[in-house]
file my_file33.cif (mmCIF, C-alpha atoms)
data_data
loop_
_atom_site.label_atom_id
_atom_site.label_comp_id
_atom_site.auth_asym_id
_atom_site.auth_seq_id
_atom_site.Cartn_x
_atom_site.Cartn_y
_atom_site.Cartn_z
CA MET H 1 -14.09 51.09 53.27
CA LEU H 2 -14.98 50.21 49.71
CA ALA H 3 -17.16 52.60 47.74
CA LYS H 4 -20.60 51.37 46.70
CA ASP H 5 -19.71 51.72 43.03
CA SER H 6 -16.32 49.99 43.27
CA PRO H 7 -15.83 46.97 40.95
CA ILE H 8 -15.41 44.59 43.90
CA VAL H 9 -18.67 45.68 45.53
CA ILE H 10 -20.55 45.51 42.23
CA GLN H 11 -19.17 42.05 41.50
CA ALA H 12 -20.09 40.84 44.98
CA ARG H 13 -23.65 42.08 44.50
CA VAL H 14 -23.85 40.34 41.14
CA ILE H 15 -22.66 37.05 42.63
CA MET H 16 -25.09 37.23 45.56
CA ALA H 17 -27.96 38.01 43.19
CA ILE H 18 -27.00 34.95 41.15
CA VAL H 19 -26.84 32.87 44.33
CA LEU H 20 -30.43 33.80 45.22
CA ARG H 21 -31.63 33.26 41.67
CA ASP H 22 -29.87 29.91 41.47
CA MET H 23 -31.46 28.66 44.68
CA HIS H 24 -34.93 29.85 43.69
CA SER H 25 -34.78 28.51 40.15
CA ARG H 26 -33.54 25.07 41.24
CA TYR H 27 -35.61 24.51 44.37
CA GLY H 28 -38.35 27.11 44.42
CA ARG H 29 -38.87 30.06 46.72
CA THR H 30 -40.29 28.16 49.70
CA PHE H 31 -38.42 27.15 52.84
CA PHE H 32 -38.90 23.47 52.04
CA GLY H 33 -37.39 24.00 48.62
CA THR H 34 -34.26 25.38 50.25
CA LEU H 35 -34.07 22.38 52.58
CA ILE H 36 -33.76 20.09 49.55
CA ILE H 37 -30.27 21.48 48.96
CA ILE H 38 -29.24 19.93 52.28
CA ALA H 39 -31.63 16.97 52.43
CA TRP H 40 -30.56 15.42 49.14
CA PRO H 41 -26.85 14.88 49.91
CA LEU H 42 -27.65 14.11 53.55
CA SER H 43 -30.11 11.36 52.59
CA HIS H 44 -27.57 10.00 50.10
CA LEU H 45 -24.97 9.86 52.87
CA MET H 46 -27.32 8.10 55.29
CA MET H 47 -28.43 5.54 52.70
CA LEU H 48 -24.83 4.58 51.91
CA MET H 49 -24.12 4.21 55.62
CA LEU H 50 -27.19 2.08 56.26
CA ALA H 51 -26.44 -0.15 53.27
CA PHE H 52 -22.97 -0.90 54.66
CA LEU H 53 -24.09 -1.35 58.25
CA ILE H 54 -26.88 -3.73 57.25
CA THR H 55 -24.72 -5.92 55.03
CA ARG H 56 -21.58 -5.95 57.21
CA ARG H 57 -21.10 -6.14 60.96
CA ILE H 58 -17.31 -6.20 61.23
CA VAL H 59 -15.23 -3.13 60.36
CA PRO H 60 -11.49 -3.22 59.58
CA ILE H 61 -10.54 -0.69 62.25
CA GLY H 62 -12.09 0.74 65.38
CA THR H 63 -15.02 -0.58 67.37
CA ASP H 64 -17.80 1.64 66.03
CA PRO H 65 -18.98 0.82 62.47
CA ALA H 66 -20.78 4.18 62.17
CA ILE H 67 -17.54 6.12 62.65
CA PHE H 68 -15.57 3.99 60.20
CA VAL H 69 -18.25 4.21 57.50
CA GLY H 70 -19.03 7.86 58.21
CA THR H 71 -15.40 8.93 57.84
CA GLY H 72 -15.39 7.28 54.43
CA VAL H 73 -18.79 8.34 53.11
CA LEU H 74 -18.73 11.95 54.34
CA PRO H 75 -15.67 12.97 52.25
CA TYR H 76 -17.28 11.35 49.20
CA ILE H 77 -20.51 13.32 49.65
CA LEU H 78 -18.67 16.59 50.37
CA PHE H 79 -16.63 16.06 47.22
CA PHE H 80 -19.23 14.58 44.89
CA TYR H 81 -22.07 17.10 45.22
CA PRO H 82 -20.02 20.28 44.67
CA GLY H 83 -18.08 18.51 41.93
CA ARG H 84 -21.29 17.49 40.21
CA MET H 85 -23.53 20.53 40.69
CA ILE H 86 -20.90 23.18 39.92
CA LEU H 87 -20.40 21.47 36.56
CA PHE H 88 -23.79 22.78 35.39
CA SER H 89 -23.41 26.32 36.74
CA ILE H 90 -22.80 27.94 33.35
CA ALA H 91 -25.21 25.80 31.34
CA GLN H 92 -28.13 26.28 33.77
CA ASN H 93 -27.67 30.06 34.01
CA LYS H 94 -26.63 30.78 30.43
CA SER H 95 -29.29 33.47 29.95
CA LEU H 96 -27.52 35.65 32.54
CA LEU H 97 -24.41 35.92 30.37
CA GLY H 98 -26.29 38.41 28.22
CA LEU H 99 -26.16 40.92 31.08
CA PRO H 100 -23.07 43.19 30.93
CA PRO H 101 -21.85 42.70 34.56
CA VAL H 102 -22.11 38.89 34.48
CA GLU H 103 -19.16 36.70 33.52
CA PRO H 104 -18.81 32.89 33.51
CA THR H 105 -16.73 32.94 36.70
CA ASP H 106 -19.58 34.74 38.50
CA LEU H 107 -21.94 31.86 37.68
CA ILE H 108 -19.42 29.30 38.89
CA ILE H 109 -18.59 31.15 42.12
CA ALA H 110 -22.29 31.63 42.90
CA ARG H 111 -22.96 27.92 42.49
CA CYS H 112 -19.88 27.20 44.64
CA ILE H 113 -21.31 29.33 47.45
CA VAL H 114 -24.58 27.40 47.36
CA GLU H 115 -22.89 23.99 47.37
CA ILE H 116 -20.25 24.86 49.99
CA ASN H 117 -22.96 26.22 52.30
CA ALA H 118 -24.88 22.96 51.87
CA ALA H 119 -21.73 20.95 52.56
CA PHE H 120 -21.21 22.62 55.92
CA TRP H 121 -24.83 22.02 56.94
CA VAL H 122 -24.63 18.38 55.86
CA THR H 123 -21.54 17.92 58.03
CA ALA H 124 -23.14 19.55 61.06
CA ILE H 125 -26.46 17.68 60.77
CA PHE H 126 -24.68 14.38 60.17
CA GLY H 127 -22.71 14.85 63.37
CA LEU H 128 -25.93 15.68 65.24
CA ILE H 129 -27.64 12.53 63.92
CA LEU H 130 -24.75 10.37 65.09
CA TYR H 131 -24.91 12.00 68.52
CA LEU H 132 -28.66 11.41 68.80
CA PHE H 133 -28.10 7.73 68.04
CA GLY H 134 -25.54 7.43 70.80
CA VAL H 135 -22.40 7.73 68.67
CA ASN H 136 -19.74 10.21 69.71
CA PRO H 137 -18.96 12.21 66.53
CA LEU H 138 -16.04 14.14 68.03
CA PRO H 139 -12.62 13.12 66.68
CA HIS H 140 -9.45 12.65 68.70
CA ARG H 141 -7.79 15.37 66.62
CA PRO H 142 -10.44 18.01 65.79
CA VAL H 143 -8.05 20.24 63.83
CA ASP H 144 -7.19 17.41 61.46
CA ALA H 145 -10.88 16.59 61.00
CA ILE H 146 -11.75 20.21 60.19
CA MET H 147 -8.83 20.56 57.80
CA ALA H 148 -9.73 17.28 56.07
CA ILE H 149 -13.32 18.43 55.57
CA LEU H 150 -12.23 21.83 54.24
CA ALA H 151 -9.69 20.21 51.91
CA THR H 152 -12.34 17.81 50.58
CA ILE H 153 -14.75 20.66 49.86
CA TYR H 154 -11.89 22.55 48.20
CA LEU H 155 -11.19 19.52 46.01
CA GLY H 156 -14.84 19.28 44.98
CA PHE H 157 -14.89 23.01 44.25
CA ALA H 158 -11.76 22.79 42.10
CA LEU H 159 -12.99 19.76 40.12
CA GLY H 160 -16.39 21.37 39.68
CA PHE H 161 -14.85 24.66 38.52
CA PHE H 162 -12.69 22.84 35.99
CA GLY H 163 -15.64 20.75 34.85
CA ALA H 164 -17.89 23.79 34.39
CA VAL H 165 -15.36 25.47 32.13
CA MET H 166 -14.70 22.32 30.10
CA TYR H 167 -18.42 21.51 29.83
CA GLY H 168 -18.99 25.04 28.55
CA LEU H 169 -16.50 24.36 25.77
CA VAL H 170 -17.04 20.66 25.03
CA ARG H 171 -20.41 19.03 25.70
CA ALA H 172 -18.83 15.56 25.62
CA TRP H 173 -16.97 16.55 28.79
CA LEU H 174 -20.12 15.67 30.77
CA ALA H 175 -19.51 11.93 30.31
CA ILE H 176 -15.80 12.28 31.05
CA HIS H 177 -16.50 14.26 34.21
CA PHE H 178 -19.03 11.80 35.62
CA LEU H 179 -16.88 8.79 34.79
CA GLY H 180 -14.03 10.52 36.60
CA LEU H 181 -16.17 11.17 39.69
CA ILE H 182 -17.36 7.57 39.78
CA GLY H 183 -13.82 6.26 39.32
CA MET H 184 -12.55 8.45 42.16
CA TYR H 185 -15.33 7.17 44.41
CA LEU H 186 -14.65 3.50 43.65
CA SER H 187 -10.92 3.90 44.29
CA SER H 188 -11.11 6.13 47.35
CA GLY H 189 -11.29 3.45 50.04
CA VAL H 190 -14.68 4.56 51.36
CA PHE H 191 -15.54 1.12 52.76
CA ILE H 192 -12.08 -0.44 53.03
CA VAL H 193 -8.63 0.20 54.44
CA PRO H 194 -6.29 0.78 51.47
CA THR H 195 -3.28 -0.68 53.27
CA SER H 196 -5.05 -4.05 53.35
CA LEU H 197 -4.98 -4.27 49.55
CA PRO H 198 -2.19 -5.63 47.33
CA GLU H 199 0.67 -3.24 46.70
CA LYS H 200 -0.15 -2.65 43.03
CA LEU H 201 -3.71 -1.59 43.87
CA ARG H 202 -2.45 0.67 46.65
CA ASP H 203 -0.05 2.35 44.25
CA LEU H 204 -2.89 3.08 41.82
CA MET H 205 -5.20 4.35 44.58
CA TRP H 206 -2.50 6.72 45.82
CA PHE H 207 -3.01 8.94 42.76
CA ASN H 208 -6.67 9.48 43.66
CA PRO H 209 -6.86 12.72 45.70
CA LEU H 210 -10.19 11.70 47.22
CA MET H 211 -8.49 8.70 48.83
CA HIS H 212 -6.22 11.13 50.69
CA SER H 213 -9.30 13.02 51.91
CA VAL H 214 -10.73 9.82 53.35
CA GLU H 215 -7.41 8.86 54.92
CA TRP H 216 -6.97 12.33 56.41
CA LEU H 217 -10.41 12.35 58.04
CA ARG H 218 -9.98 8.81 59.36
CA SER H 219 -6.58 9.70 60.79
CA ALA H 220 -8.36 12.28 62.95
CA TYR H 221 -10.49 9.53 64.50
CA PHE H 222 -8.18 6.54 64.62
CA ASP H 223 -4.73 6.68 66.18
CA SER H 224 -1.76 5.73 63.98
CA TYR H 225 -3.98 5.63 60.89
CA GLY H 226 -3.16 7.01 57.46
CA TYR H 227 0.61 7.09 57.75
CA GLY H 228 1.07 4.47 55.06
CA MET H 229 -0.99 6.25 52.38
CA LEU H 230 -1.86 9.81 53.41
CA ASN H 231 -0.16 12.68 51.60
CA VAL H 232 -1.74 16.03 52.44
CA GLY H 233 0.53 17.92 50.05
CA TYR H 234 -0.63 15.83 47.11
CA LEU H 235 -4.31 16.40 47.96
CA LEU H 236 -3.96 20.17 48.28
CA GLY H 237 -1.58 20.38 45.33
CA TYR H 238 -3.94 18.43 43.07
CA ALA H 239 -6.86 20.70 43.95
CA THR H 240 -4.80 23.86 43.55
CA VAL H 241 -3.34 22.87 40.17
CA THR H 242 -6.81 21.88 38.93
CA LEU H 243 -8.27 25.21 40.02
CA PHE H 244 -5.37 27.12 38.46
CA LEU H 245 -5.83 25.31 35.14
CA ALA H 246 -9.56 26.05 35.25
CA LEU H 247 -8.93 29.75 35.78
CA VAL H 248 -6.37 29.86 32.97
CA ILE H 249 -8.65 28.03 30.52
CA GLU H 250 -11.63 30.18 31.48
CA ARG H 251 -9.68 33.38 30.95
CA ALA H 252 -8.29 32.18 27.61
CA THR H 253 -11.69 31.06 26.30
CA ARG H 254 -13.99 33.58 27.97
CA GLY H 255 -15.09 35.03 24.64
CA ARG H 256 -16.05 31.61 23.36
CA LEU H 257 -17.92 30.79 26.56
CA MET H 258 -19.86 34.04 26.33
CA ILE H 259 -20.75 33.51 22.66
CA GLU H 260 -21.72 29.85 22.91
CA HIS H 261 -23.95 30.46 25.86
#

call {"tool": "encode", "arguments": {"input": "my_file33.cif", "output": "C-alpha cells"}}
result
Amino acid sequence: MLAKDSPIVIQARVIMAIVLRDMHSRYGRTFFGTLIIIAWPLSHLMMLMLAFLITRRIVPIGTDPAIFVGTGVLPYILFFYPGRMILFSIAQNKSLLGLPPVEPTDLIIARCIVEINAAFWVTAIFGLILYLFGVNPLPHRPVDAIMAILATIYLGFALGFFGAVMYGLVRAWLAIHFLGLIGMYLSSGVFIVPTSLPEKLRDLMWFNPLMHSVEWLRSAYFDSYGYGMLNVGYLLGYATVTLFLALVIERATRGRLMIEH
C-alpha cells in the first residue's frame, strides 16, 4: 500500500487534476461539453464512411462495404485524434508549469488519458451503430482486432508525445507534424487494398506504420488478408522507438521546456 504522501501518489493526483482541468477548459463543465470529446471524432469517422459508401458501391474485398471502410477509417481516427490533440498538451496548459509539482510529462500524460478514453468510447459506439444498422461488427479473430486497436492508439500516443515535446521546443514543428499525419493517412490504404497497387508504391507504403494498423485490423475480419504487407513488429517497434526518443528529448530539454512555457 502506497503512502498518501509518496511521490507516485502525489504525481497521480497531479495528473488526474490536470485531466479534469483539461476537459473542463476545452469543453466546459457540462455533460454535453464532455460528449464533444467523443462526438467529434465519431462524426468524423461516420462522415468519411458515408462519403465512400455514397460514391462507391463495389469494395475490393468482402461483401459488406461498411466493414471494409470501417476497418480502414477506424484506425485512422484512433491514430489521428490522439496524435493531433496530444501535440498541444504543453502549449494549452503552459500556465500549470509554474506550479512546483507539475512537469511537462504530466501535461502530456493527462492529455493522453483524455484522448485514449475517447478512443475507446468511439470504438464501442461505432460498433453499436453498425449493429443497429444490421451490420455484424464482430470480427472473425477478436484478439487480433483488439490488439490492432490498442496498437493504433499506442501509435497515436507515441506520435503525439513526440510532437508535443518537439512543438514545445520548435514552433515550426506544428506544420511538420500535421503534414506527417496527412501523409500517413493518404498512404495508409484506408480505402484501398495495398497489394493491388504497383510494387514501387507498395514498397513506399510499407514504411508507414499506420498502414500496418489498417492491415492488422482488416486481417481480423477477412480471412487470408494482410499477409503480403502486414508487419506487426514494425508497427510496435516504430511506436516504441518514437516514444523512447520523445522521453529522451523531453528529459534532456526539460529545463528549456519549463522556461519557454

call {"tool": "residues_around", "arguments": {"input": "my_file33.cif", "residues": "segment 91-103 of chain H", "least_positions_apart": "2", "cutoff": "12 Å", "atoms": "only C-alpha atoms", "output": "PDB file with C-alpha atoms, in the frame of the given file"}}
result
ATOM      1  CA  PRO H   7     -15.830  46.970  40.950  1.00  0.00           C
ATOM      2  CA  ILE H   8     -15.410  44.590  43.900  1.00  0.00           C
ATOM      3  CA  VAL H   9     -18.670  45.680  45.530  1.00  0.00           C
ATOM      4  CA  ILE H  10     -20.550  45.510  42.230  1.00  0.00           C
ATOM      5  CA  GLN H  11     -19.170  42.050  41.500  1.00  0.00           C
ATOM      6  CA  ALA H  12     -20.090  40.840  44.980  1.00  0.00           C
ATOM      7  CA  ARG H  13     -23.650  42.080  44.500  1.00  0.00           C
ATOM      8  CA  VAL H  14     -23.850  40.340  41.140  1.00  0.00           C
ATOM      9  CA  ILE H  15     -22.660  37.050  42.630  1.00  0.00           C
ATOM     10  CA  MET H  16     -25.090  37.230  45.560  1.00  0.00           C
ATOM     11  CA  ALA H  17     -27.960  38.010  43.190  1.00  0.00           C
ATOM     12  CA  ILE H  18     -27.000  34.950  41.150  1.00  0.00           C
ATOM     13  CA  VAL H  19     -26.840  32.870  44.330  1.00  0.00           C
ATOM     14  CA  ARG H  21     -31.630  33.260  41.670  1.00  0.00           C
ATOM     15  CA  ASP H  22     -29.870  29.910  41.470  1.00  0.00           C
ATOM     16  CA  MET H  23     -31.460  28.660  44.680  1.00  0.00           C
ATOM     17  CA  SER H  25     -34.780  28.510  40.150  1.00  0.00           C
ATOM     18  CA  ARG H  26     -33.540  25.070  41.240  1.00  0.00           C
ATOM     19  CA  MET H  85     -23.530  20.530  40.690  1.00  0.00           C
ATOM     20  CA  ILE H  86     -20.900  23.180  39.920  1.00  0.00           C
ATOM     21  CA  LEU H  87     -20.400  21.470  36.560  1.00  0.00           C
ATOM     22  CA  PHE H  88     -23.790  22.780  35.390  1.00  0.00           C
ATOM     23  CA  SER H  89     -23.410  26.320  36.740  1.00  0.00           C
ATOM     24  CA  THR H 105     -16.730  32.940  36.700  1.00  0.00           C
ATOM     25  CA  ASP H 106     -19.580  34.740  38.500  1.00  0.00           C
ATOM     26  CA  LEU H 107     -21.940  31.860  37.680  1.00  0.00           C
ATOM     27  CA  ILE H 108     -19.420  29.300  38.890  1.00  0.00           C
ATOM     28  CA  ILE H 109     -18.590  31.150  42.120  1.00  0.00           C
ATOM     29  CA  ALA H 110     -22.290  31.630  42.900  1.00  0.00           C
ATOM     30  CA  ARG H 111     -22.960  27.920  42.490  1.00  0.00           C
ATOM     31  CA  GLY H 163     -15.640  20.750  34.850  1.00  0.00           C
ATOM     32  CA  ALA H 164     -17.890  23.790  34.390  1.00  0.00           C
ATOM     33  CA  VAL H 165     -15.360  25.470  32.130  1.00  0.00           C
ATOM     34  CA  MET H 166     -14.700  22.320  30.100  1.00  0.00           C
ATOM     35  CA  TYR H 167     -18.420  21.510  29.830  1.00  0.00           C
ATOM     36  CA  GLY H 168     -18.990  25.040  28.550  1.00  0.00           C
ATOM     37  CA  LEU H 169     -16.500  24.360  25.770  1.00  0.00           C
ATOM     38  CA  VAL H 170     -17.040  20.660  25.030  1.00  0.00           C
ATOM     39  CA  ARG H 171     -20.410  19.030  25.700  1.00  0.00           C
ATOM     40  CA  LEU H 174     -20.120  15.670  30.770  1.00  0.00           C
ATOM     41  CA  GLU H 250     -11.630  30.180  31.480  1.00  0.00           C
ATOM     42  CA  ARG H 251      -9.680  33.380  30.950  1.00  0.00           C
ATOM     43  CA  THR H 253     -11.690  31.060  26.300  1.00  0.00           C
ATOM     44  CA  ARG H 254     -13.990  33.580  27.970  1.00  0.00           C
ATOM     45  CA  GLY H 255     -15.090  35.030  24.640  1.00  0.00           C
ATOM     46  CA  ARG H 256     -16.050  31.610  23.360  1.00  0.00           C
ATOM     47  CA  LEU H 257     -17.920  30.790  26.560  1.00  0.00           C
ATOM     48  CA  MET H 258     -19.860  34.040  26.330  1.00  0.00           C
ATOM     49  CA  ILE H 259     -20.750  33.510  22.660  1.00  0.00           C
ATOM     50  CA  GLU H 260     -21.720  29.850  22.910  1.00  0.00           C
ATOM     51  CA  HIS H 261     -23.950  30.460  25.860  1.00  0.00           C
TER      52      HIS H 261
END

call {"tool": "resolve_selection", "arguments": {"input": "my_file33.cif", "expression": "the PyMOL selection byres ((chain H and resi 67) around 10)", "output": "count of residues only"}}
result
23

call {"tool": "resolve_selection", "arguments": {"input": "my_file33.cif", "expression": "the PyMOL selection byres ((chain H and resi 204) around 12)", "output": "ChimeraX atom specification"}}
result
/H:183-184,186-189,194,197-203,205-209,211,229

call {"tool": "closest_residue", "arguments": {"input": "my_file33.cif", "among": "H:Ala158, H:Ile37, H:Leu230, H:Ala172", "to": "Leu247 of chain H", "atoms": "all atoms listed in the file"}}
result
H:Ala158

call {"tool": "resolve_selection", "arguments": {"input": "my_file33.cif", "expression": "the PyMOL selection byres ((chain H and resi 154) around 12)", "output": "mmCIF file with C-alpha atoms, in the frame of the given file"}}
result
data_model
loop_
_atom_site.group_PDB
_atom_site.id
_atom_site.type_symbol
_atom_site.label_atom_id
_atom_site.label_comp_id
_atom_site.auth_asym_id
_atom_site.auth_seq_id
_atom_site.Cartn_x
_atom_site.Cartn_y
_atom_site.Cartn_z
ATOM 1 C CA PRO H 75 -15.670 12.970 52.250
ATOM 2 C CA LEU H 78 -18.670 16.590 50.370
ATOM 3 C CA PHE H 79 -16.630 16.060 47.220
ATOM 4 C CA PHE H 80 -19.230 14.580 44.890
ATOM 5 C CA TYR H 81 -22.070 17.100 45.220
ATOM 6 C CA PRO H 82 -20.020 20.280 44.670
ATOM 7 C CA GLY H 83 -18.080 18.510 41.930
ATOM 8 C CA CYS H 112 -19.880 27.200 44.640
ATOM 9 C CA ILE H 113 -21.310 29.330 47.450
ATOM 10 C CA GLU H 115 -22.890 23.990 47.370
ATOM 11 C CA ILE H 116 -20.250 24.860 49.990
ATOM 12 C CA ALA H 119 -21.730 20.950 52.560
ATOM 13 C CA MET H 147 -8.830 20.560 57.800
ATOM 14 C CA ALA H 148 -9.730 17.280 56.070
ATOM 15 C CA ILE H 149 -13.320 18.430 55.570
ATOM 16 C CA LEU H 150 -12.230 21.830 54.240
ATOM 17 C CA ALA H 151 -9.690 20.210 51.910
ATOM 18 C CA THR H 152 -12.340 17.810 50.580
ATOM 19 C CA ILE H 153 -14.750 20.660 49.860
ATOM 20 C CA LEU H 155 -11.190 19.520 46.010
ATOM 21 C CA GLY H 156 -14.840 19.280 44.980
ATOM 22 C CA PHE H 157 -14.890 23.010 44.250
ATOM 23 C CA ALA H 158 -11.760 22.790 42.100
ATOM 24 C CA LEU H 159 -12.990 19.760 40.120
ATOM 25 C CA GLY H 160 -16.390 21.370 39.680
ATOM 26 C CA PHE H 161 -14.850 24.660 38.520
ATOM 27 C CA PRO H 209 -6.860 12.720 45.700
ATOM 28 C CA LEU H 210 -10.190 11.700 47.220
ATOM 29 C CA SER H 213 -9.300 13.020 51.910
ATOM 30 C CA LEU H 235 -4.310 16.400 47.960
ATOM 31 C CA LEU H 236 -3.960 20.170 48.280
ATOM 32 C CA GLY H 237 -1.580 20.380 45.330
ATOM 33 C CA TYR H 238 -3.940 18.430 43.070
ATOM 34 C CA ALA H 239 -6.860 20.700 43.950
ATOM 35 C CA THR H 240 -4.800 23.860 43.550
ATOM 36 C CA VAL H 241 -3.340 22.870 40.170
ATOM 37 C CA THR H 242 -6.810 21.880 38.930
ATOM 38 C CA LEU H 243 -8.270 25.210 40.020
#

call {"tool": "closest_residue", "arguments": {"input": "my_file33.cif", "among": "H:Tyr185, H:Thr123, H:His177, H:Arg141", "to": "Tyr225 of chain H", "atoms": "only C-alpha atoms"}}
result
H:Arg141

call {"tool": "atom_distance", "arguments": {"input": "my_file33.cif", "atom1": "atom CA of Val122 of chain H", "atom2": "atom CA of Met47 of chain H"}}
result
13.8 Å

call {"tool": "atom_distance", "arguments": {"input": "my_file33.cif", "atom1": "atom CA of Leu217 of chain H", "atom2": "atom CA of Ala145 of chain H"}}
result
5.2 Å

call {"tool": "closest_residue", "arguments": {"input": "my_file33.cif", "among": "H:Met46, H:Ala220, H:Ser6, H:Pro41", "to": "Asp144 of chain H", "atoms": "only C-alpha atoms"}}
result
H:Ala220

call {"tool": "atom_distance", "arguments": {"input": "my_file33.cif", "atom1": "atom CA of Ala118 of chain H", "atom2": "atom CA of Ala246 of chain H"}}
result
22.8 Å
